[in-house]
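Written out below as structure tokens is the structure these notes cover.
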Amino acid sequence: MANVFDILKERGYIEQTTHEEEIKELLEKESVTFYIGFDPTADSLHLGHFIQIMVMMHMQRAGHRPIAVIGGGTAMVGDPTGKTEMRKMLTEEEINKNAAALEKQISKFIDLDDDKGIVVNNALWLRNLNYIHFLREIGVHFSVNRMLTAECFKTRLEKGLSFLEFNYMLMQSYDFLELYRRYNCKLQLGGNDQWSNILGGIDLIRRKEGASVYGLTFRLLTTSEGKKMGKTESGAIWIDPDKTSPYDLYQYLRNIGDADVEKALALLTFLPMEEVKRLGSLEGAEINKAKEILAYEFTKIVHGEEEAKKAQKAARALFSNEAEDAASVPSTEMEKERFTKGVGILDLLTETGLTSSKSEGRRLIKQGGIYLEDERINDMDLIITTKNFKDNKLLLRRGKKIYHQIELV
RNA sequence: GGAGGGGUGCCCGAGUGGUUAAAGGGAGCAGACUGUAAAUCUGCCGGCGAUUGCCUACAAAGGUUCGAAUCCUUUCCCCUCCA
């Protein structure tokens with residue numbers, strides 16, 4: 001069987017490693033406990049985080065033991081890496097709430113039974129640290145001079161960096177040490193922006209324990225233009241189905257740029273690489289098949305086969321004009337009575353969330369971007385009544401591909 | 001603690017008394033073209049209402065003025081240099 005390291009490398013996850021050969025060897029000869037950190041800065045993971053989840057799944061499948069560390073302690077401080085300025089501080093309640101939500105999500109993707117995987121919150125050891133004690137035990141091992149030369153602080157030195165944030169690196173390093181002590185965790189993985197934080201932990205463990213541990217970073221999920229993937233006008237693409245519906249998730253990937261298809265297939269699905277390459281090399285309109293597969297496979301991983309099928313079916317129905325079975329299109333239920341009098345189109349658009357304000361709705365109608373059952377609307381005073389509904393359903397469309405269904409109840 | 005500089009719309013960034021809902025760029029949205037792609041072109045891009053209107057907005061709160069993002073005062077925050 002191929003080494004996971006090779007698998008990860010072939011699929012394009014790996015960006016940097018501390019000791020390529022040693023890591024490979026280690027992964028070959030034993031079941032390795034490794035960790036990845038997640039910051040509870042929101043109450044759901046988003047598409048960008050999913051690279052990390054995918055890696056965990058790959059690793060777990062290969063018999064290694066993942067630890068997902070929820071940064072309930074580190075979030076109290078905030079990671080300055082990659083930020084141009086200090087981010088707003090979250091309250092303790094927010095952090096706790098987010099941490100609980102993330103924990104629940106992560107446990108859906110990695111197997112926690114029989115100690116095969118672990119989810120742990122670093123608040124457990126960080127929040128009650130004694131300052132003096134911490135400085136003496138941990139702080140001594142960090143050279144400020146060296147930290148300042150780290151790339152991640154450089155940008156912040158121009159804009160200003162608070163002492164609070166400066167400590168983030170120590171805390172994350174300490175995490176690694178704790179995990180090494182508690183679980184014999186020997187490998188830390190993370191996004192490429194975590195490189196210096198990871199190195200800090202490795203150094204610390206060497207100094208405190210005289211042990212060699214390793215680090216590895218992966219690519220951030222970006223488009224071919226180098227922009228972060230997973231962001232849209234309405235915000236991030238979330239894993240939580242209440243924040244981003246399976247249909248929208250599906251559509252997001254379905255609409256991915258040609259140049260990104262192969263990369264996304266490798267990173268976000270478990271399809272064999274030969275298949276990934278084959279699909280990625282399709283040209284012209286053919287590549288749409290690859291996009292469909294990508295969208296389907298990924299939705300399946302995140303939300304399960306059933307949701308993936310529903311999303312695919314809905315998408316196909318809508319885009320091939322067979323307006324049946326739009327079951328999974330985002331929909332809103334509204335009371336039938338309201339439509340006996342009639343509801344203005346602008347209100348309807350806003351209520352369904354298709355537009356964020358009536359002004360936007362007006363604008364879109366003016367530009368010809370709103371459709372009712374595939375008929376372009378020109379009249380912004382249009383009143384929708386029960387007559388517009390077929391079987392108590394009405395399909396609204398914004399632009400080419402954003403649909404929303406209204407159901408009468 | 002002292003001296004100086006600064007805080008503008010999603011982001012970057014012009015604007016130093018009126019014609020500024022605020023140049024320009026990026027992002028985003030819509031239209032055309034396409035393959036539910038990219039590139040390109042066109043339009044839009046605070047809210048409410050509608051045939052030229054109203055409200056909210058240039059860190060916050062006050063003030064000067066017919067009129068302020070622009071001037072003054074206070075507060076908060078950030079940066080640079082000195083301690």
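Identifiers for the structure tokens are assigned positionally: chains receive A, B, ... in sequence, residues are indexed from 1 per chain, and ligands are indexed from 1 in the order shown.
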Residue hits in chain B, query chain A, radius 7 Å, only C-alpha atoms (C1' of nucleotides), as a VMD selection string: chain B and resid 28 30 to 31 35 to 38
Those in segment 145-331 of chain A with helix (DSSP H, G or I) from DSSP, as a PyMOL selection string: chain A and resi 145-149+151-159+163-166+168-183+192-209+246-254+258-268+273-280+284-303+305-319
Can you list, as an mmCIF file with N, CA, C and O atoms, in the first residue's frame, every protein, DNA or RNA residue that comes within 12 Å of Lys263 of chain A when you count only C-alpha atoms (C1' of nucleotides), leaving out same-chain residues fewer than 5 positions away?
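Done, and the output landed in selection-v5.cif:
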```
data_model
loop_
_atom_site.group_PDB
_atom_site.id
_atom_site.type_symbol
_atom_site.label_atom_id
_atom_site.label_comp_id
_atom_site.auth_asym_id
_atom_site.auth_seq_id
_atom_site.Cartn_x
_atom_site.Cartn_y
_atom_site.Cartn_z
ATOM 1 N N GLU A 10 1.075 13.382 -3.647
ATOM 2 C CA GLU A 10 0.586 13.260 -5.012
ATOM 3 C C GLU A 10 -0.664 14.096 -5.236
ATOM 4 O O GLU A 10 -0.871 14.689 -6.283
ATOM 5 N N ARG A 11 -1.503 14.130 -4.211
ATOM 6 C CA ARG A 11 -2.748 14.875 -4.378
ATOM 7 C C ARG A 11 -2.544 16.372 -4.219
ATOM 8 O O ARG A 11 -3.482 17.144 -4.412
ATOM 9 N N GLY A 12 -1.366 16.743 -3.857
ATOM 10 C CA GLY A 12 -1.080 18.178 -3.832
ATOM 11 C C GLY A 12 -1.403 18.888 -2.535
ATOM 12 O O GLY A 12 -1.546 20.101 -2.509
ATOM 13 N N TYR A 13 -1.499 18.138 -1.461
ATOM 14 C CA TYR A 13 -1.807 18.800 -0.197
ATOM 15 C C TYR A 13 -0.579 19.483 0.406
ATOM 16 O O TYR A 13 -0.677 20.515 1.030
ATOM 17 N N ILE A 51 -9.788 21.345 3.714
ATOM 18 C CA ILE A 51 -8.525 20.722 3.351
ATOM 19 C C ILE A 51 -7.986 19.983 4.574
ATOM 20 O O ILE A 51 -7.563 18.833 4.495
ATOM 21 N N ARG A 219 -1.169 23.350 1.373
ATOM 22 C CA ARG A 219 -1.610 24.481 0.575
ATOM 23 C C ARG A 219 -2.931 25.011 1.105
ATOM 24 O O ARG A 219 -3.777 24.250 1.539
ATOM 25 N N LEU A 220 -3.092 26.279 0.983
ATOM 26 C CA LEU A 220 -4.415 26.822 1.253
ATOM 27 C C LEU A 220 -5.219 26.601 -0.018
ATOM 28 O O LEU A 220 -4.664 26.509 -1.109
ATOM 29 N N LEU A 221 -6.489 26.498 0.181
ATOM 30 C CA LEU A 221 -7.354 26.271 -0.971
ATOM 31 C C LEU A 221 -7.512 27.580 -1.732
ATOM 32 O O LEU A 221 -8.170 28.504 -1.277
ATOM 33 N N THR A 222 -6.883 27.645 -2.880
ATOM 34 C CA THR A 222 -6.964 28.894 -3.634
ATOM 35 C C THR A 222 -7.369 28.610 -5.067
ATOM 36 O O THR A 222 -7.256 27.497 -5.552
ATOM 37 N N THR A 223 -7.811 29.629 -5.716
ATOM 38 C CA THR A 223 -8.140 29.492 -7.122
ATOM 39 C C THR A 223 -6.853 29.673 -7.915
ATOM 40 O O THR A 223 -5.820 30.013 -7.357
ATOM 41 N N SER A 224 -6.940 29.464 -9.199
ATOM 42 C CA SER A 224 -5.737 29.573 -10.024
ATOM 43 C C SER A 224 -5.172 30.991 -9.987
ATOM 44 O O SER A 224 -4.021 31.208 -10.274
ATOM 45 N N MET A 229 -10.224 30.366 -1.973
ATOM 46 C CA MET A 229 -11.464 29.807 -2.462
ATOM 47 C C MET A 229 -12.463 29.695 -1.320
ATOM 48 O O MET A 229 -12.087 29.570 -0.162
ATOM 49 N N LEU A 253 -19.218 24.503 -6.242
ATOM 50 C CA LEU A 253 -18.179 23.704 -6.879
ATOM 51 C C LEU A 253 -18.507 23.434 -8.339
ATOM 52 O O LEU A 253 -17.625 23.338 -9.182
ATOM 53 N N ILE A 256 -17.054 26.126 -10.476
ATOM 54 C CA ILE A 256 -15.630 26.391 -10.313
ATOM 55 C C ILE A 256 -14.985 26.650 -11.679
ATOM 56 O O ILE A 256 -15.467 26.197 -12.706
ATOM 57 N N GLY A 257 -13.921 27.414 -11.688
ATOM 58 C CA GLY A 257 -13.243 27.705 -12.949
ATOM 59 C C GLY A 257 -12.544 26.481 -13.507
ATOM 60 O O GLY A 257 -12.103 25.630 -12.753
ATOM 61 N N ASP A 258 -12.439 26.400 -14.815
ATOM 62 C CA ASP A 258 -11.804 25.240 -15.449
ATOM 63 C C ASP A 258 -10.440 24.922 -14.861
ATOM 64 O O ASP A 258 -10.106 23.775 -14.611
ATOM 65 N N LEU A 268 -10.306 17.735 -2.680
ATOM 66 C CA LEU A 268 -11.600 17.676 -2.010
ATOM 67 C C LEU A 268 -12.399 16.394 -2.239
ATOM 68 O O LEU A 268 -13.537 16.296 -1.803
ATOM 69 N N THR A 269 -11.829 15.467 -2.948
ATOM 70 C CA THR A 269 -12.536 14.195 -3.105
ATOM 71 C C THR A 269 -11.555 13.057 -2.844
ATOM 72 O O THR A 269 -10.357 13.275 -2.735
ATOM 73 N N LEU A 271 -11.485 10.473 -4.961
ATOM 74 C CA LEU A 271 -11.344 9.752 -6.225
ATOM 75 C C LEU A 271 -9.886 9.409 -6.473
ATOM 76 O O LEU A 271 -9.002 10.180 -6.138
ATOM 77 N N MET A 273 -6.330 9.037 -8.143
ATOM 78 C CA MET A 273 -5.644 10.083 -8.894
ATOM 79 C C MET A 273 -5.716 9.907 -10.412
ATOM 80 O O MET A 273 -5.721 10.883 -11.146
ATOM 81 N N VAL A 276 -8.824 11.472 -11.279
ATOM 82 C CA VAL A 276 -8.702 12.918 -11.125
ATOM 83 C C VAL A 276 -8.000 13.522 -12.333
ATOM 84 O O VAL A 276 -8.438 14.522 -12.901
ATOM 85 N N LYS A 277 -6.941 12.879 -12.727
ATOM 86 C CA LYS A 277 -6.171 13.411 -13.857
ATOM 87 C C LYS A 277 -6.968 13.340 -15.152
ATOM 88 O O LYS A 277 -6.934 14.256 -15.961
ATOM 89 N N LEU A 279 -10.210 13.360 -15.459
ATOM 90 C CA LEU A 279 -11.262 14.373 -15.438
ATOM 91 C C LEU A 279 -10.695 15.772 -15.631
ATOM 92 O O LEU A 279 -11.276 16.608 -16.309
ATOM 93 N N GLY A 280 -9.540 15.982 -15.027
ATOM 94 C CA GLY A 280 -8.946 17.315 -15.111
ATOM 95 C C GLY A 280 -8.470 17.643 -16.512
ATOM 96 O O GLY A 280 -8.326 18.810 -16.869
ATOM 97 N N SER A 281 -8.241 16.626 -17.302
ATOM 98 C CA SER A 281 -7.713 16.905 -18.631
ATOM 99 C C SER A 281 -8.809 17.071 -19.673
ATOM 100 O O SER A 281 -8.537 17.330 -20.840
ATOM 101 N N ALA A 290 -16.648 16.852 -15.325
ATOM 102 C CA ALA A 290 -15.725 16.796 -14.202
ATOM 103 C C ALA A 290 -16.238 17.667 -13.060
ATOM 104 O O ALA A 290 -16.165 17.306 -11.889
ATOM 105 N N LYS A 291 -16.783 18.800 -13.414
ATOM 106 C CA LYS A 291 -17.295 19.701 -12.386
ATOM 107 C C LYS A 291 -18.480 19.095 -11.655
ATOM 108 O O LYS A 291 -18.629 19.252 -10.447
ATOM 109 N N LEU A 294 -17.116 16.542 -9.306
ATOM 110 C CA LEU A 294 -16.503 17.237 -8.170
ATOM 111 C C LEU A 294 -17.573 17.702 -7.191
ATOM 112 O O LEU A 294 -17.494 17.458 -5.986
#
```
Spatial neighbours of A50 of chain B, max dist 12 Å, only C-alpha atoms (C1' of nucleotides), sep filter under 3 positions, as a list of chain:residue names: A:Ser359, A:Arg362, A:Met380, A:Asp381, B:G53, B:C54
Store the residues picked out above in a file with all heavy atoms, as a PDB file, in the first residue's frame.
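Dumped to out.pdb:
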```pdb
ATOM      1  N   SER A 359     -33.920  47.943  -2.755  1.00  0.00           N
ATOM      2  CA  SER A 359     -33.189  48.690  -3.779  1.00  0.00           C
ATOM      3  C   SER A 359     -32.462  47.731  -4.704  1.00  0.00           C
ATOM      4  O   SER A 359     -32.442  47.906  -5.915  1.00  0.00           O
ATOM      5  CB  SER A 359     -32.171  49.621  -3.139  1.00  0.00           C
ATOM      6  OG  SER A 359     -32.811  50.620  -2.429  1.00  0.00           O
ATOM      7  N   ARG A 362     -34.866  46.224  -7.078  1.00  0.00           N
ATOM      8  CA  ARG A 362     -35.191  47.164  -8.169  1.00  0.00           C
ATOM      9  C   ARG A 362     -34.117  47.182  -9.219  1.00  0.00           C
ATOM     10  O   ARG A 362     -34.375  47.130 -10.414  1.00  0.00           O
ATOM     11  CB  ARG A 362     -35.304  48.580  -7.598  1.00  0.00           C
ATOM     12  CG  ARG A 362     -36.635  48.855  -7.070  1.00  0.00           C
ATOM     13  CD  ARG A 362     -36.852  50.325  -6.856  1.00  0.00           C
ATOM     14  NE  ARG A 362     -37.976  50.410  -5.941  1.00  0.00           N
ATOM     15  CZ  ARG A 362     -37.854  50.426  -4.647  1.00  0.00           C
ATOM     16  NH1 ARG A 362     -36.674  50.467  -4.081  1.00  0.00           N
ATOM     17  NH2 ARG A 362     -38.918  50.430  -3.880  1.00  0.00           N
ATOM     18  N   MET A 380     -41.417  46.256 -11.710  1.00  0.00           N
ATOM     19  CA  MET A 380     -41.015  46.115 -10.323  1.00  0.00           C
ATOM     20  C   MET A 380     -42.169  46.291  -9.340  1.00  0.00           C
ATOM     21  O   MET A 380     -41.995  46.138  -8.139  1.00  0.00           O
ATOM     22  CB  MET A 380     -39.842  47.037  -9.988  1.00  0.00           C
ATOM     23  CG  MET A 380     -40.002  48.471 -10.376  1.00  0.00           C
ATOM     24  SD  MET A 380     -38.471  49.361 -10.075  1.00  0.00           S
ATOM     25  CE  MET A 380     -37.506  48.924 -11.510  1.00  0.00           C
ATOM     26  N   ASP A 381     -43.326  46.613  -9.873  1.00  0.00           N
ATOM     27  CA  ASP A 381     -44.496  46.695  -8.992  1.00  0.00           C
ATOM     28  C   ASP A 381     -45.332  45.436  -9.072  1.00  0.00           C
ATOM     29  O   ASP A 381     -46.439  45.378  -8.547  1.00  0.00           O
ATOM     30  CB  ASP A 381     -45.376  47.897  -9.378  1.00  0.00           C
ATOM     31  CG  ASP A 381     -44.627  49.183  -9.167  1.00  0.00           C
ATOM     32  OD1 ASP A 381     -43.938  49.283  -8.132  1.00  0.00           O
ATOM     33  OD2 ASP A 381     -44.695  50.082 -10.023  1.00  0.00           O
TER      34      ASP A 381
ATOM     35  P     G B  53     -34.363  65.769  -5.996  1.00  0.00           P
ATOM     36  OP1   G B  53     -34.605  67.153  -6.463  1.00  0.00           O
ATOM     37  OP2   G B  53     -33.035  65.399  -5.503  1.00  0.00           O
ATOM     38  O5'   G B  53     -35.418  65.391  -4.873  1.00  0.00           O
ATOM     39  C5'   G B  53     -36.624  66.121  -4.686  1.00  0.00           C
ATOM     40  C4'   G B  53     -37.454  65.368  -3.700  1.00  0.00           C
ATOM     41  O4'   G B  53     -37.838  64.085  -4.280  1.00  0.00           O
ATOM     42  C3'   G B  53     -36.712  64.972  -2.421  1.00  0.00           C
ATOM     43  O3'   G B  53     -36.668  66.040  -1.491  1.00  0.00           O
ATOM     44  C2'   G B  53     -37.544  63.794  -1.941  1.00  0.00           C
ATOM     45  O2'   G B  53     -38.744  64.207  -1.338  1.00  0.00           O
ATOM     46  C1'   G B  53     -37.858  63.093  -3.270  1.00  0.00           C
ATOM     47  N9    G B  53     -36.844  62.074  -3.570  1.00  0.00           N
ATOM     48  C8    G B  53     -35.870  62.129  -4.539  1.00  0.00           C
ATOM     49  N7    G B  53     -35.107  61.063  -4.553  1.00  0.00           N
ATOM     50  C5    G B  53     -35.608  60.266  -3.538  1.00  0.00           C
ATOM     51  C6    G B  53     -35.189  58.995  -3.080  1.00  0.00           C
ATOM     52  O6    G B  53     -34.265  58.288  -3.494  1.00  0.00           O
ATOM     53  N1    G B  53     -35.975  58.547  -2.024  1.00  0.00           N
ATOM     54  C2    G B  53     -37.022  59.234  -1.483  1.00  0.00           C
ATOM     55  N2    G B  53     -37.645  58.651  -0.467  1.00  0.00           N
ATOM     56  N3    G B  53     -37.425  60.420  -1.892  1.00  0.00           N
ATOM     57  C4    G B  53     -36.676  60.873  -2.926  1.00  0.00           C
ATOM     58  P     C B  54     -35.370  66.141  -0.533  1.00  0.00           P
ATOM     59  OP1   C B  54     -35.441  67.448   0.161  1.00  0.00           O
ATOM     60  OP2   C B  54     -34.160  65.757  -1.283  1.00  0.00           O
ATOM     61  O5'   C B  54     -35.677  64.996   0.522  1.00  0.00           O
ATOM     62  C5'   C B  54     -36.835  65.053   1.361  1.00  0.00           C
ATOM     63  C4'   C B  54     -36.982  63.746   2.096  1.00  0.00           C
ATOM     64  O4'   C B  54     -37.061  62.651   1.144  1.00  0.00           O
ATOM     65  C3'   C B  54     -35.798  63.363   2.975  1.00  0.00           C
ATOM     66  O3'   C B  54     -35.834  64.024   4.226  1.00  0.00           O
ATOM     67  C2'   C B  54     -35.995  61.855   3.112  1.00  0.00           C
ATOM     68  O2'   C B  54     -37.007  61.540   4.034  1.00  0.00           O
ATOM     69  C1'   C B  54     -36.474  61.487   1.702  1.00  0.00           C
ATOM     70  N1    C B  54     -35.348  61.046   0.844  1.00  0.00           N
ATOM     71  C2    C B  54     -34.848  59.757   1.013  1.00  0.00           C
ATOM     72  O2    C B  54     -35.354  59.026   1.882  1.00  0.00           O
ATOM     73  N3    C B  54     -33.826  59.328   0.243  1.00  0.00           N
ATOM     74  C4    C B  54     -33.307  60.138  -0.683  1.00  0.00           C
ATOM     75  N4    C B  54     -32.315  59.674  -1.424  1.00  0.00           N
ATOM     76  C5    C B  54     -33.792  61.457  -0.871  1.00  0.00           C
ATOM     77  C6    C B  54     -34.812  61.882  -0.099  1.00  0.00           C
TER      78        C B  54
END
```
DSSP strand (DSSP E or B) residues within segment 151-356 of chain A, as a ChimeraX atom specification: /A:187-191,214-218,222,228,231-232,235-236,238,331-334,343-344
Near-C81 of chain B list (12 Å; only C-alpha atoms (C1' of nucleotides); drop same-chain fewer than 4 positions) as a ChimeraX atom specification: /B:2-5
Keeping only all heavy atoms, take the residues you just selected and write them out as a short mmCIF file (atom, residue, chain, number, x, y, z; two decimals), in the first residue's frame.
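Saved result, part.cif, follows:
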```
data_model
loop_
_atom_site.label_atom_id
_atom_site.label_comp_id
_atom_site.auth_asym_id
_atom_site.auth_seq_id
_atom_site.Cartn_x
_atom_site.Cartn_y
_atom_site.Cartn_z
P G B 2 2.04 63.90 27.95
OP1 G B 2 1.37 65.16 28.29
OP2 G B 2 1.33 62.85 27.19
"O5'" G B 2 3.40 64.23 27.20
"C5'" G B 2 4.21 65.32 27.64
"C4'" G B 2 5.37 65.48 26.70
"O4'" G B 2 6.12 64.24 26.66
"C3'" G B 2 5.01 65.72 25.24
"O3'" G B 2 4.72 67.08 24.98
"C2'" G B 2 6.28 65.27 24.52
"O2'" G B 2 7.31 66.22 24.61
"C1'" G B 2 6.65 64.03 25.35
N9 G B 2 6.07 62.80 24.80
C8 G B 2 5.02 62.08 25.29
N7 G B 2 4.74 61.02 24.57
C5 G B 2 5.68 61.05 23.55
C6 G B 2 5.89 60.15 22.46
O6 G B 2 5.27 59.13 22.18
N1 G B 2 6.96 60.57 21.66
C2 G B 2 7.71 61.69 21.87
N2 G B 2 8.68 61.91 20.99
N3 G B 2 7.53 62.53 22.89
C4 G B 2 6.51 62.14 23.68
P A B 3 3.68 67.44 23.85
OP1 A B 3 3.43 68.89 23.94
OP2 A B 3 2.55 66.49 23.94
"O5'" A B 3 4.50 67.12 22.53
"C5'" A B 3 5.60 67.96 22.14
"C4'" A B 3 6.21 67.45 20.87
"O4'" A B 3 6.75 66.12 21.09
"C3'" A B 3 5.24 67.25 19.71
"O3'" A B 3 4.92 68.45 19.03
"C2'" A B 3 6.03 66.29 18.83
"O2'" A B 3 7.07 66.94 18.13
"C1'" A B 3 6.63 65.36 19.90
N9 A B 3 5.75 64.21 20.14
C8 A B 3 4.84 64.04 21.16
N7 A B 3 4.18 62.91 21.09
C5 A B 3 4.69 62.28 19.97
C6 A B 3 4.43 61.05 19.35
N6 A B 3 3.53 60.19 19.81
N1 A B 3 5.11 60.74 18.23
C2 A B 3 6.01 61.62 17.77
N3 A B 3 6.37 62.80 18.26
C4 A B 3 5.67 63.08 19.37
P G B 4 3.47 68.58 18.40
OP1 G B 4 3.34 69.97 17.91
OP2 G B 4 2.48 68.04 19.34
"O5'" G B 4 3.55 67.60 17.15
"C5'" G B 4 4.31 67.97 15.99
"C4'" G B 4 4.51 66.77 15.11
"O4'" G B 4 4.93 65.64 15.92
"C3'" G B 4 3.28 66.24 14.39
"O3'" G B 4 2.93 67.01 13.25
"C2'" G B 4 3.77 64.85 14.00
"O2'" G B 4 4.67 64.88 12.93
"C1'" G B 4 4.50 64.44 15.29
N9 G B 4 3.58 63.71 16.17
C8 G B 4 2.98 64.16 17.33
N7 G B 4 2.20 63.25 17.88
C5 G B 4 2.30 62.15 17.04
C6 G B 4 1.68 60.87 17.10
O6 G B 4 0.91 60.44 17.95
N1 G B 4 2.06 60.07 16.03
C2 G B 4 2.91 60.44 15.03
N2 G B 4 3.14 59.53 14.10
N3 G B 4 3.50 61.62 14.96
C4 G B 4 3.15 62.42 15.98
P G B 5 1.44 67.02 12.79
OP1 G B 5 1.34 67.99 11.69
OP2 G B 5 0.57 67.13 13.97
"O5'" G B 5 1.26 65.56 12.19
"C5'" G B 5 1.86 65.21 10.94
"C4'" G B 5 1.56 63.77 10.60
"O4'" G B 5 1.97 62.92 11.71
"C3'" G B 5 0.09 63.42 10.43
"O3'" G B 5 -0.44 63.78 9.17
"C2'" G B 5 0.12 61.91 10.62
"O2'" G B 5 0.62 61.25 9.48
"C1'" G B 5 1.13 61.78 11.76
N9 G B 5 0.43 61.73 13.07
C8 G B 5 0.34 62.72 14.01
N7 G B 5 -0.36 62.36 15.06
C5 G B 5 -0.75 61.06 14.78
C6 G B 5 -1.53 60.14 15.53
O6 G B 5 -2.05 60.29 16.64
N1 G B 5 -1.68 58.91 14.87
C2 G B 5 -1.16 58.63 13.63
N2 G B 5 -1.42 57.42 13.15
N3 G B 5 -0.43 59.47 12.93
C4 G B 5 -0.27 60.65 13.55
#
```
Selection near Gln172 of chain A, 9 Å with only C-alpha atoms (C1' of nucleotides), sequence-local residues under 6 positions removed, as a VMD selection string: chain A and resid 37 71 74 197 to 198 200 to 201
Selection: 10 Å around A69 of chain B, only C-alpha atoms (C1' of nucleotides), excl. self and same-chain fewer than 4 positions, as an MDAnalysis selection string: chainID B and resid 8 15:16 20 22 57:58
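Proximity of B:G62, B:G13, B:G7, B:G1 to G26 of chain B, computed with only C-alpha atoms (C1' of nucleotides), is greatest for B:G13.
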Counting only C-alpha atoms, the residue of A:Asp6, A:Asp175, A:Glu103, A:Asp203 that sits nearest Phe142 of chain A: A:Asp203
